[in-house]
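Here is the structure we will look at.
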Amino acid sequence: MFTRKASLYFGLAAVVLILGLLLQDWQLAAMVLPLASVFFLANFWGLPEKVELGISHQIIPTDSFGDEDVSVNITVSNKTGEQLGNIEINEHLADGIKLKSGASRVFTRLGAREKIELVLEFHSPIRGHYWIGPLVARAQDPFGFYLVEKRSEAEVLSIMPRPERIRGAMLRPRHLGPWTGTIPARTLGHGTEFYSMRNYVAGDDPKRINWKTSAKHARLIVNEMEAERVTDVMIVLDTDVTFYEAAEAELFERGVRAAASMASLLLRQGNRVGMILQGEERGVVSPRFGKRHERNILFLLAAAKPGRSLISTSYVVTLLARLLLPAKAQLVIISSLLDTAIVDGVRQLAATGYSILVLSPSPKAPTRFESEQEEIAYRMLMLERSNTLLALEKICTVTQWPAGVALSTVLSEVRPPRPMIRI
Amino acid sequence: MRLHYLFLAPWIVLAVPSPVFLGLGILIVLVIVVIGLVGTFAQKQALATLASVTLLVLLVAGKVGTDLTRASSPDTAVLLLQLVAVIFFMEASRVISSFNKEKSELAGKTDDISQAIRERLSIWVKDQLSRQARLIIGALGLSLVLLVLGGFTSVSINQLAFSAILVLLVVGALVFLITQRREPETHRVRLP
């Protein structure tokens, strides 16, 4: 195709010609000749009539936990039988990507049927989704009057949060699935926890005989175990952490890490796990099993950004939990609890029988305040948060996660709420 | 290549009789030289292009002004040489600018991949400049040949019908030369 530049030169030639004829000046009119000659030579000798380029790019790896270098392998080939002297290869990279080696824009020439391979390498950027591409290859004549362009689709590079290896949290939902898992089912079955004793019957495994009790009662008694099953869990990550600029990012990233770690742990234990992102940007992954599903959840978490939600967290959580989870299943809410409105939603869900665990990353106190008003505001916010925590503790299991403490330690201390005895 | 404004601007502007540019020739030269040099040395392509386009406009305006003031006209070959020189240096400076931009992106990278790209770039810039030079010399030669051939035909330009036909023919030839074998640009393309 001919370019805008060619049109501009054409415009210049036309103006010169018209002026030359208006002023009856042959010299001026003759200035069209070099322009026309340049067009002619550029068209017929600058670029072959049929140009066929083959392009491809491959991102390795396409998703990462951010601890390895990423490379983009670009291949451009000239499928025509003539040399292309002016080839521009342009790989569009997302902001925030700084190349360690190679260049995103390369000028080169390509011989007949030549194929070149370029590699771009960069350090893994921070968590998020990044568009790599489109890859554009342009063949032009030396003056850029004519051009043949080929472009490939952009691809996404996902830098996902790395899940931490954590030990199990003590979850006690009343809804349990039929498969063996790690959640005590309050019924007899295969498990690791003691449940009851009964008389020995023929065929019982002798390893299960409780010799001490058998000796006491002068008959054989066997131990019975509590069945352990899987459940359905919905993890809700509250991304509304509008708090204190410097501490906001740290608080948010802790929440994302916790969500990734919890999802990974619960899926490893065989549960069906879903994820709700609630904040300025929302996202939902419905509960499913498996390793591949873990990728889906981590993919969603890679895109998480902090921001104030437009729709009440309480409303969204209650609606989606009821839509996507069976009754009496488990909800894990990860929230900094800076918005007090969440209490109503949790109360409604608890009333309908859902088991709820609230994991609240505690904001780190700023090292210094800009003004006295700011300090007062911070104290008020913390008081409000304390009130929210107190209100939630009456309804569900709540655990605070202070900065600098391992998530595993925090979760190992989680105990289900004691049943309330009414007199 | 970066200093071409130092000789192009005086050559084009000062060759025109002083009254055409209202006696401001030297000032215009200075302005163009400054803009052009700032553009090329500070890697500001827009400024360099502005200086080159101004030179093109001054070349045409100077000729028009010469006609209007009925001053003595320069030699046609010189006029054509000036025109192709401006076009060549404008396009060459764009190539150099792309080369420098690319080189600066590779600055400090000593790995094999970057080294290979650097080598490709050096070959490309030499090749590109020589092809531009060849095309522009070819265009100048062709123009001069056509000019000489045109000189043999002694047709008066004062005939209005002839002028109109000539305009149509030349515009038609230009359109043919631009569009022959090529299609128009269908989407926005960013050129270096």
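Following the order of the structure tokens, chains are lettered A, B, ..., residues in each are numbered from 1, and ligands are numbered from 1.
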message: Taking 2 positions as the minimum chain separation for residues in the same chain, which residues sit within 12 Å of Gln115 in chain B when counting only C-alpha atoms? Answer as a list in words.
response: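 Listed by chain and then number, they are Ser101, Gly102, Ala103, Leu118 and Val119 of chain A; Lys103, Leu106, Ala107, Gly108, Lys109, Thr110, Asp111, Asp112, Ile113, Ile117, Arg118, Glu119, Arg120, Leu121 and Ser122 of chain B.
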- request: List every residue of range 19-168 of chain B that DSSP, applied to the backbone, labels as helix (DSSP H, G or I), and write the result as number ranges by chain.
  value: B: 19-21, 25-41, 45-69, 76-106, 112-152, 160-168
task: Write down, as a PyMOL selection string, each residue of chain A that has any atom within 7 Å of an atom of chain B, counting only C-alpha atoms.
output: chain A and resi 1-3+14+21+24+27-28+31+33-34+36-41+49+85-86+101-103+107-109+119+142-143
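One finds CA of Gly255 in chain A at 9.9 Å from CA of Ser362 in chain A.
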CA of Gln140 in chain A to CA of Asn78 in chain A, straight-line distance in Å: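 Distance reported for this atom pair: 12.9 Å.
Running DSSP on the backbone and keeping only strand (DSSP E), the residues of range 387-417 of chain A that qualify are Thr397, Val398, Thr399, Gln400 and Trp401 of chain A.
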Kindly save the residues from that selection, with N, CA and C atoms included, as a PDB file, in the first residue's frame.
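The resulting file, again-v5.pdb, is shown below:
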```pdb
ATOM      1  N   THR A 397     -16.015 -17.008  62.805  1.00  0.00           N
ATOM      2  CA  THR A 397     -14.615 -17.105  63.230  1.00  0.00           C
ATOM      3  C   THR A 397     -13.842 -15.947  62.598  1.00  0.00           C
ATOM      4  N   VAL A 398     -13.159 -15.234  63.435  1.00  0.00           N
ATOM      5  CA  VAL A 398     -12.401 -14.090  62.915  1.00  0.00           C
ATOM      6  C   VAL A 398     -10.954 -14.229  63.366  1.00  0.00           C
ATOM      7  N   THR A 399     -10.048 -13.993  62.432  1.00  0.00           N
ATOM      8  CA  THR A 399      -8.643 -14.005  62.847  1.00  0.00           C
ATOM      9  C   THR A 399      -7.914 -12.816  62.224  1.00  0.00           C
ATOM     10  N   GLN A 400      -7.106 -12.210  63.037  1.00  0.00           N
ATOM     11  CA  GLN A 400      -6.343 -11.046  62.562  1.00  0.00           C
ATOM     12  C   GLN A 400      -4.975 -11.510  62.112  1.00  0.00           C
ATOM     13  N   TRP A 401      -4.477 -10.885  61.079  1.00  0.00           N
ATOM     14  CA  TRP A 401      -3.166 -11.255  60.552  1.00  0.00           C
ATOM     15  C   TRP A 401      -2.239 -10.039  60.610  1.00  0.00           C
TER      16      TRP A 401
END
```
message: Here is a test: counting only C-alpha atoms, which residue of A:Leu310, A:Val317, A:Leu349, A:Arg292 is nearest to Ile276 in chain A?
response: A:Val317
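Considering the residues A:Met170, A:Ile342, A:Leu381, A:Ile209 and counting only C-alpha atoms, Leu357 in chain A has its shortest atom-to-atom contact with A:Met170.
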task: Measuring atom to atom with only C-alpha atoms, identify which of A:Arg219, A:Arg295, A:Lys212, A:Arg254 is nearest to Leu359 in chain A.
output: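 Residue with the minimum atom-to-atom distance to Leu359 in chain A: A:Arg254.
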message: Could you check the closest approach to Gly25 in chain B for each of B:Leu37, B:Leu6, B:Ala71, B:Val13 and tell me which residue wins, using only C-alpha atoms?
response: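 Nearest candidate to Gly25 in chain B out of B:Leu37, B:Leu6, B:Ala71, B:Val13: B:Val13.
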message: Please report the interatomic distance between CA of His57 in chain A and CA of Thr75 in chain A in Å with one decimal.
response: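 CA of His57 in chain A sits 6.3 Å away from CA of Thr75 in chain A.
Between Leu266 in chain A and the candidates A:Leu237, A:Leu324, A:Leu251, A:Ile166, the tightest atom-to-atom separation, counting only C-alpha atoms, involves A:Ile166.
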message: Using only C-alpha atoms, can you tell me which of A:Glu413, A:Asp339, A:Glu253, A:Asp63 comes closest to Val156 in chain A?
response: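 Comparing A:Glu413, A:Asp339, A:Glu253, A:Asp63 against Val156 in chain A, the winner is A:Asp63.
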- request: Please provide the set of residues having any atom within 12 Å of Lys207 in chain A, restricted to only C-alpha atoms, with same-chain residues fewer than 5 positions apart removed, written as a list of chain:residue names.
  value: A:Tyr200, A:Leu220, A:Ile221, A:Val222, A:Asn223, A:Glu224
query: What lies within 6 Å of range 91-100 of chain A using only C-alpha atoms, ignoring chain neighbours under 4 positions off, as a PyMOL selection string?
result: chain A and resi 104+121-122+130-135
message: So that I can see what lies close to Arg308 in chain A, please list as an MDAnalysis selection string the residues with an atom at most 12 Å from it, counting only C-alpha atoms and leaving out residues fewer than 2 positions away in the same chain.
response: chainID A and resid 238:243 248 278:282 305:306 310:313 338:339
